[in-house]
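Worksheet for the structure shown next.
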Amino acid sequence: MIKSAEWICSPIDIGEVCPIFSKDIRVSQSIKKAELTISATGVYEARINNRRVGDFIFAPGLTSYKSRLQYQTYDVTDMLEKESILSIYLGKGWYRGRISANDKVINETDGAVIAELVITCNDGSKECVITDNSWNVSTSRILFSDIYDGETYDASAEIKELGNAVINNNIAKSTLIPQEGEFVKEQEKIKPVKMFTTPKGECVIDFGQNIAGYVALNIMANKGEKIVISHAEVLDSDGNFYNENYRSAKSQLEYICCNGHQTYKPVFTYFGFRYIRLDECPGNINLDNFTAIAVYSDMKRTGYIETGSKKVNKLYENTIWSQRDNFIDIPTDCPQRDERMGWLGDAQVFAKAASYNYNTKKFFGKWLGDLRAEQRENGSVPDTVPNFWLLSRSSTAWGDAVTIIPWRMYLMYGDKKDIEVNFDAMKRWVDFMTNDSLDKYLWTCVDDSEKMWRKHYGDWLALDAPMGSYRGITSDGFIASAFYAYSTEILIKAGKVIGRDMSEYEELHRNIVSTFKKTFTEYFTQTECVLALYFNLTDHRAETAKQLNDMIVSNGNKLKTGFVGTPYLLYALSENGYAETAYSLLLQEEYPSWLYEVNHGATTIWEHWDGIRDDGSFWSADMNSYNHYAYGSVVDWLYSVAAGIQCVEEKAGFKEVVIAPVPDKRLGSINASFDTAYGTIKSAWHYEGDKVFYEITTPVKAAIIIDGEKQSVESGSYIFR
Ligand code: BGC
């Protein structure tokens, strides 16, 4: 039990330098099995005889540390020798880095590790080594490390012994939990595309892909020479290095060389970048000295799409990359600026697309554990989890992650446990909205629209926002009441899956819907039409769909929606007779559109439709990430409407499926596959002249719907023309 070990700290304050905790291990018998369990208030890397233990980068991971701190157990049987040195490097990570500075309780915790090594010998005897005050502490060559600001490493720094570790009884052991999430691992290794000098005279390397991770160095150098690297996602309109959009995140790497051949990669930090600028470097540097390494949660890829449009294929690839870059133990908004927060709204919007692309069960399962841990007594939830900024608000469409994501997990993986563990939290969220509202059966609050940071985020970054504002004009009351209805509907369905009596909530839902219809009799924005249609809140479906379609067409087949409206926009059209307009939006290339970004060289999904303007200028330096997955949610429409791969709610987990492709000649073709627990579903169509040919493979019973005609089939492959 790791809890019998002690939390240990450095005996001396060594400021920003990362300490190493070490212990000599002697084993007299031959070893049958050896298991090492570790956690830390920060991030750790363990080594045995200087070989890395495991491949989990940034262990013990990111959780709501006040209530949950993971530990990991590694099989180290093959790493131990008769005499070994076990060392644990400790960085500040999220726990004590600048990212959690607002939360003093977390951030000001002492840097500490806790570990236990259990050795079972072949003669049956057991030896147990635990962290205590017999461990040694020394300095390391990592002089500074911070998630936002980067790392400083001095390869020739002298390692100083600091004496014996000090036991720290102030740090709780009750919060320790076994690993729940996926391991964050090194993934793609990317060679640079080119090295060039900008008009300003900066030496810049382009890796051709915006990633989250770091650059590994492999160089010949002399002691004392320095390599200083800054990171950026884009170049400015003149072709100069630009990273103002990182805001206060310094994102800089400083490596001080030793003599001869050497390799280095950051240990306790990561960056969001496509370009690096060599602010300082020895003269003999060339492209071969650098490799970019993408780092993200090790989820299994489950979905693939290829279409007849190269640009749509690029949009799809960009979404895959934005998912990788932002699924670093928690779903983050962006990987580069001084946020990298688990924003609930972004995660909620993207969860469906994410779960077609990759198996997210474990990834979201762990994060939902943190979300439940952060839920307040009144049922409200903070806008980010972990709540490092101690936000006290609870916004519609953000908080609804509590209902939407567990329900999505159930639909994708068919595991009732995902509902059982989250049901109480889902219910409390709905009850919170009920109790918080000024008006019965709606979710309304005092309209303090004068304030920038009021309760709700609204249709965040929508293009109908007044000049200088981040919020679209759709009213908070409209959005909040619509999501109140939607979350209540999800709660009812979820409750029924696990055999609860939901009649009280069914009545509530009926009342919300009828009050909504009575209150909001007219729609003024694209997003209002979208929500009314998608959440089933209108008695005038055909009229509303026509209104939405007219709004889009009269706007030149262009959208105005933000974070709230965009995820459902194409559905609201295609499910109501306007698939052609949905495709026109998908294939639109002028601003604002998905392909506008592709045409402007995007390799990931932008936060703002206007991230880079036609003249190369930027819409803002403040809220302008080039790696925000929210609008990548369009990919779930490609899987579930264009290719038509849909789960049946009553047969969740794709035990039975509906395959209802919606072709469009302008896209030309689609070829989609999706791995389920029952096998791979494939759906493809292509045009030959005006004729469409379909090829469908299903591992389970399916209802195949083509041109409105439904046929029930058993598992197998089918061709339709
Ligand atoms: C984040 C968003 C987030 C929003 C809240 C931003 O700073 O980057 O993605 O959802 O704040 O409105």
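Residues in the structure tokens are numbered from 1 in each chain, the chains being A, B, ... in the order shown, and ligands are numbered from 1 in the order shown.
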
Q: Find the spatial neighbours of region 658-660 of chain A, counting only C-alpha atoms, within a cut-off of 7 Å - ignore same-chain residues fewer than 6 positions away - and output them as a PyMOL selection string.
A: chain A and resi 641+644-648+702-706

Next, the residues of the selection above should be written as a PDB file, in the first residue's frame with all heavy atoms.
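Contents of the output file part_2.pdb:
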```pdb
ATOM      1  N   VAL A 641     -23.734  11.881 -40.413  1.00  0.00           N
ATOM      2  CA  VAL A 641     -24.706  12.259 -41.439  1.00  0.00           C
ATOM      3  C   VAL A 641     -24.131  11.993 -42.842  1.00  0.00           C
ATOM      4  O   VAL A 641     -24.702  11.207 -43.601  1.00  0.00           O
ATOM      5  CB  VAL A 641     -25.157  13.729 -41.299  1.00  0.00           C
ATOM      6  CG1 VAL A 641     -26.137  14.099 -42.407  1.00  0.00           C
ATOM      7  CG2 VAL A 641     -25.804  13.944 -39.932  1.00  0.00           C
ATOM      8  N   GLY A 644     -23.208   8.696 -42.407  1.00  0.00           N
ATOM      9  CA  GLY A 644     -24.450   8.139 -41.850  1.00  0.00           C
ATOM     10  C   GLY A 644     -24.287   7.073 -40.782  1.00  0.00           C
ATOM     11  O   GLY A 644     -25.228   6.332 -40.513  1.00  0.00           O
ATOM     12  N   ILE A 645     -23.138   7.005 -40.128  1.00  0.00           N
ATOM     13  CA  ILE A 645     -22.936   5.961 -39.104  1.00  0.00           C
ATOM     14  C   ILE A 645     -23.492   6.454 -37.765  1.00  0.00           C
ATOM     15  O   ILE A 645     -22.921   7.345 -37.131  1.00  0.00           O
ATOM     16  CB  ILE A 645     -21.431   5.626 -38.960  1.00  0.00           C
ATOM     17  CG1 ILE A 645     -20.869   5.146 -40.296  1.00  0.00           C
ATOM     18  CG2 ILE A 645     -21.210   4.594 -37.855  1.00  0.00           C
ATOM     19  CD1 ILE A 645     -19.349   4.956 -40.303  1.00  0.00           C
ATOM     20  N   GLN A 646     -24.618   5.882 -37.368  1.00  0.00           N
ATOM     21  CA  GLN A 646     -25.300   6.359 -36.148  1.00  0.00           C
ATOM     22  C   GLN A 646     -25.573   5.209 -35.199  1.00  0.00           C
ATOM     23  O   GLN A 646     -25.875   4.103 -35.643  1.00  0.00           O
ATOM     24  CB  GLN A 646     -26.652   6.976 -36.516  1.00  0.00           C
ATOM     25  CG  GLN A 646     -26.546   8.169 -37.418  1.00  0.00           C
ATOM     26  CD  GLN A 646     -27.865   8.513 -38.083  1.00  0.00           C
ATOM     27  OE1 GLN A 646     -28.916   8.036 -37.672  1.00  0.00           O
ATOM     28  NE2 GLN A 646     -27.806   9.322 -39.120  1.00  0.00           N
ATOM     29  N   CYS A 647     -25.508   5.505 -33.898  1.00  0.00           N
ATOM     30  CA  CYS A 647     -25.874   4.438 -32.966  1.00  0.00           C
ATOM     31  C   CYS A 647     -27.376   4.512 -32.679  1.00  0.00           C
ATOM     32  O   CYS A 647     -28.015   5.549 -32.863  1.00  0.00           O
ATOM     33  CB  CYS A 647     -25.059   4.539 -31.686  1.00  0.00           C
ATOM     34  SG  CYS A 647     -25.429   5.967 -30.744  1.00  0.00           S
ATOM     35  N   VAL A 648     -27.920   3.403 -32.261  1.00  0.00           N
ATOM     36  CA  VAL A 648     -29.327   3.343 -31.902  1.00  0.00           C
ATOM     37  C   VAL A 648     -29.374   3.456 -30.378  1.00  0.00           C
ATOM     38  O   VAL A 648     -28.719   2.674 -29.683  1.00  0.00           O
ATOM     39  CB  VAL A 648     -29.924   1.970 -32.330  1.00  0.00           C
ATOM     40  CG1 VAL A 648     -31.381   1.853 -31.933  1.00  0.00           C
ATOM     41  CG2 VAL A 648     -29.731   1.766 -33.819  1.00  0.00           C
ATOM     42  N   ALA A 702     -28.342  -3.964 -38.855  1.00  0.00           N
ATOM     43  CA  ALA A 702     -28.384  -2.531 -39.173  1.00  0.00           C
ATOM     44  C   ALA A 702     -29.651  -2.178 -39.927  1.00  0.00           C
ATOM     45  O   ALA A 702     -30.198  -3.000 -40.662  1.00  0.00           O
ATOM     46  CB  ALA A 702     -27.164  -2.162 -40.022  1.00  0.00           C
ATOM     47  N   ALA A 703     -30.071  -0.934 -39.713  1.00  0.00           N
ATOM     48  CA  ALA A 703     -31.099  -0.373 -40.586  1.00  0.00           C
ATOM     49  C   ALA A 703     -30.361   0.537 -41.538  1.00  0.00           C
ATOM     50  O   ALA A 703     -29.732   1.514 -41.116  1.00  0.00           O
ATOM     51  CB  ALA A 703     -32.104   0.409 -39.760  1.00  0.00           C
ATOM     52  N   ILE A 704     -30.382   0.176 -42.811  1.00  0.00           N
ATOM     53  CA  ILE A 704     -29.689   1.017 -43.796  1.00  0.00           C
ATOM     54  C   ILE A 704     -30.746   1.888 -44.469  1.00  0.00           C
ATOM     55  O   ILE A 704     -31.748   1.386 -44.975  1.00  0.00           O
ATOM     56  CB  ILE A 704     -28.929   0.146 -44.823  1.00  0.00           C
ATOM     57  CG1 ILE A 704     -27.857  -0.668 -44.089  1.00  0.00           C
ATOM     58  CG2 ILE A 704     -28.311   1.018 -45.910  1.00  0.00           C
ATOM     59  CD1 ILE A 704     -27.034  -1.574 -44.955  1.00  0.00           C
ATOM     60  N   ILE A 705     -30.508   3.187 -44.396  1.00  0.00           N
ATOM     61  CA  ILE A 705     -31.496   4.110 -44.972  1.00  0.00           C
ATOM     62  C   ILE A 705     -30.839   4.882 -46.117  1.00  0.00           C
ATOM     63  O   ILE A 705     -29.881   5.627 -45.899  1.00  0.00           O
ATOM     64  CB  ILE A 705     -32.043   5.095 -43.913  1.00  0.00           C
ATOM     65  CG1 ILE A 705     -32.593   4.309 -42.712  1.00  0.00           C
ATOM     66  CG2 ILE A 705     -33.131   5.991 -44.509  1.00  0.00           C
ATOM     67  CD1 ILE A 705     -32.978   5.154 -41.527  1.00  0.00           C
ATOM     68  N   ILE A 706     -31.349   4.626 -47.306  1.00  0.00           N
ATOM     69  CA  ILE A 706     -30.795   5.329 -48.462  1.00  0.00           C
ATOM     70  C   ILE A 706     -31.940   6.005 -49.193  1.00  0.00           C
ATOM     71  O   ILE A 706     -32.946   5.351 -49.511  1.00  0.00           O
ATOM     72  CB  ILE A 706     -30.031   4.339 -49.372  1.00  0.00           C
ATOM     73  CG1 ILE A 706     -28.718   3.958 -48.659  1.00  0.00           C
ATOM     74  CG2 ILE A 706     -29.738   4.959 -50.738  1.00  0.00           C
ATOM     75  CD1 ILE A 706     -27.903   2.932 -49.329  1.00  0.00           C
TER      76      ILE A 706
END
```

Q) If we count only C-alpha atoms, what is near Asp550 (chain A) at a cut-off of 12 Å, once residues fewer than 3 positions away on the same chain are taken out, given as a PyMOL selection string? A) chain A and resi 525-526+529+543-547+553-559+573+578+581

Please find the residues contacting ligand 1 at a distance of at most 10 Å between atoms, with only C-alpha atoms and all ligand atoms counted, and report them as a compact mmCIF listing (two decimals) with N, CA and C atoms, in the first residue's frame.
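Result file is pocket.txt:
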```txt
# COMPACT_ATOMS: atom_id res chain seq x y z
N THR A 332 -8.31 20.03 -22.99
CA THR A 332 -7.99 21.46 -22.80
C THR A 332 -8.56 22.28 -23.95
N ASP A 333 -8.68 23.59 -23.70
CA ASP A 333 -9.15 24.48 -24.76
C ASP A 333 -8.09 24.66 -25.82
N CYS A 334 -6.83 24.79 -25.37
CA CYS A 334 -5.73 25.07 -26.30
C CYS A 334 -4.43 24.64 -25.63
N PRO A 335 -3.40 24.37 -26.41
CA PRO A 335 -2.16 23.88 -25.79
C PRO A 335 -1.04 24.90 -25.71
N ARG A 337 -1.32 28.98 -25.08
CA ARG A 337 -1.29 30.23 -24.32
C ARG A 337 -1.45 29.94 -22.82
N ASP A 338 -1.60 31.01 -22.05
CA ASP A 338 -1.64 30.85 -20.60
C ASP A 338 -3.03 30.42 -20.13
N GLU A 339 -3.57 29.35 -20.75
CA GLU A 339 -4.84 28.75 -20.32
C GLU A 339 -4.63 27.24 -20.18
N ARG A 340 -4.78 26.51 -21.29
CA ARG A 340 -4.62 25.05 -21.28
C ARG A 340 -5.50 24.43 -20.19
N MET A 341 -6.70 24.98 -20.14
CA MET A 341 -7.64 24.62 -19.08
C MET A 341 -8.66 23.62 -19.56
N GLY A 342 -9.20 22.86 -18.64
CA GLY A 342 -10.26 21.92 -18.97
C GLY A 342 -11.60 22.61 -19.04
N TRP A 343 -11.78 23.47 -20.05
CA TRP A 343 -13.04 24.21 -20.21
C TRP A 343 -14.16 23.24 -20.55
N LEU A 344 -15.23 23.28 -19.76
CA LEU A 344 -16.32 22.32 -19.94
C LEU A 344 -17.04 22.50 -21.27
N GLY A 345 -17.21 23.75 -21.68
CA GLY A 345 -17.97 24.02 -22.91
C GLY A 345 -17.28 23.41 -24.11
N ASP A 346 -15.98 23.64 -24.21
CA ASP A 346 -15.22 23.12 -25.34
C ASP A 346 -15.31 21.60 -25.38
N ALA A 347 -15.14 20.98 -24.21
CA ALA A 347 -15.15 19.52 -24.14
C ALA A 347 -16.52 18.97 -24.52
N GLN A 348 -17.56 19.62 -24.05
CA GLN A 348 -18.93 19.19 -24.34
C GLN A 348 -19.22 19.25 -25.84
N VAL A 349 -18.77 20.34 -26.45
CA VAL A 349 -19.01 20.56 -27.87
C VAL A 349 -18.29 19.50 -28.73
N ASP A 383 -16.65 26.34 -14.49
CA ASP A 383 -16.54 26.33 -15.95
C ASP A 383 -15.31 25.57 -16.43
N THR A 384 -14.34 25.40 -15.54
CA THR A 384 -13.18 24.58 -15.92
C THR A 384 -12.95 23.53 -14.84
N SER A 395 -21.80 28.36 -16.15
CA SER A 395 -22.43 28.84 -17.37
C SER A 395 -23.20 27.74 -18.08
N ALA A 397 -24.38 25.62 -21.24
CA ALA A 397 -23.61 25.01 -22.34
C ALA A 397 -22.20 24.60 -21.91
N TRP A 398 -21.69 25.23 -20.86
CA TRP A 398 -20.42 24.76 -20.30
C TRP A 398 -20.77 23.69 -19.24
N TRP A 453 -17.79 39.87 -17.91
CA TRP A 453 -17.76 38.52 -17.36
C TRP A 453 -18.99 38.25 -16.52
N HIS A 456 -23.10 33.72 -17.92
CA HIS A 456 -22.99 32.81 -19.06
C HIS A 456 -22.02 33.35 -20.11
N TYR A 457 -21.47 32.43 -20.91
CA TYR A 457 -20.57 32.86 -21.98
C TYR A 457 -21.31 33.13 -23.28
N GLY A 458 -22.60 32.75 -23.30
CA GLY A 458 -23.39 33.00 -24.50
C GLY A 458 -22.87 32.20 -25.69
N ASP A 459 -23.26 32.65 -26.88
CA ASP A 459 -22.79 31.97 -28.10
C ASP A 459 -21.39 32.48 -28.39
N TRP A 460 -20.49 31.96 -27.62
CA TRP A 460 -19.10 32.44 -27.54
C TRP A 460 -18.45 32.55 -28.92
N LEU A 461 -17.88 33.71 -29.19
CA LEU A 461 -17.16 34.01 -30.43
C LEU A 461 -18.02 33.95 -31.69
N TYR A 470 -17.00 39.32 -27.28
CA TYR A 470 -16.77 37.92 -27.63
C TYR A 470 -18.07 37.14 -27.77
N ARG A 471 -19.20 37.79 -27.37
CA ARG A 471 -20.45 37.05 -27.30
C ARG A 471 -21.38 37.37 -28.45
N PHE A 563 -19.64 29.07 -30.45
CA PHE A 563 -19.44 27.77 -29.80
C PHE A 563 -20.75 27.03 -29.56
N GLU A 607 -9.47 28.82 -33.13
CA GLU A 607 -10.46 29.23 -32.13
C GLU A 607 -11.50 30.17 -32.74
N HIS A 608 -11.04 31.07 -33.60
CA HIS A 608 -11.92 32.09 -34.16
C HIS A 608 -11.96 31.95 -35.67
N ASP A 622 -5.45 38.53 -28.21
CA ASP A 622 -5.86 38.12 -26.88
C ASP A 622 -6.55 36.76 -26.87
N MET A 623 -7.46 36.54 -27.81
CA MET A 623 -8.28 35.32 -27.79
C MET A 623 -8.12 34.68 -29.15
N ASN A 624 -6.91 34.26 -29.49
CA ASN A 624 -6.66 33.83 -30.86
C ASN A 624 -5.73 32.62 -30.89
N SER A 625 -6.32 31.49 -30.53
CA SER A 625 -5.54 30.25 -30.58
C SER A 625 -5.73 29.62 -31.95
N ASN A 627 -5.29 26.43 -32.21
CA ASN A 627 -5.41 25.01 -31.88
C ASN A 627 -6.51 24.81 -30.83
N HIS A 628 -7.74 25.05 -31.24
CA HIS A 628 -8.91 24.97 -30.38
C HIS A 628 -9.87 23.99 -31.05
N TYR A 629 -10.17 22.88 -30.46
CA TYR A 629 -10.91 21.86 -31.22
C TYR A 629 -12.40 22.13 -31.40
N ALA A 630 -12.96 23.13 -30.69
CA ALA A 630 -14.43 23.26 -30.64
C ALA A 630 -15.09 23.19 -32.03
```

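The residues of region 314-360 of chain A that DSSP classifies as helix (DSSP H, G or I), using the backbone of this structure, are A:Lys314, A:Leu315, A:Tyr316, A:Glu317, A:Asn318, A:Thr319, A:Ile320, A:Trp321, A:Ser322, A:Gln323, A:Arg324, A:Asp325, A:Asn326, A:Leu344, A:Gly345, A:Asp346, A:Ala347, A:Gln348, A:Val349, A:Phe350, A:Ala351, A:Lys352, A:Ala353, A:Ala354, A:Ser355, A:Tyr356, A:Asn357.
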
Just want the 9 Å neighbourhood of Phe290 (chain A), counted on only C-alpha atoms, with same-chain residues fewer than 4 positions away dropped. Output as a tab-separated table (two decimals) with C-alpha atoms, in the first residue's frame.
```
chain	number	residue	atom	x	y	z
A	190	ILE	CA	8.26	15.03	-36.78
A	191	LYS	CA	11.32	16.15	-38.73
A	192	PRO	CA	11.49	19.85	-39.61
A	215	VAL	CA	11.55	19.65	-29.58
A	216	ALA	CA	14.31	17.11	-29.00
A	217	LEU	CA	17.88	18.24	-29.60
A	218	ASN	CA	20.70	16.08	-30.89
A	219	ILE	CA	23.82	18.18	-31.17
A	286	ASN	CA	21.26	22.56	-38.80
```
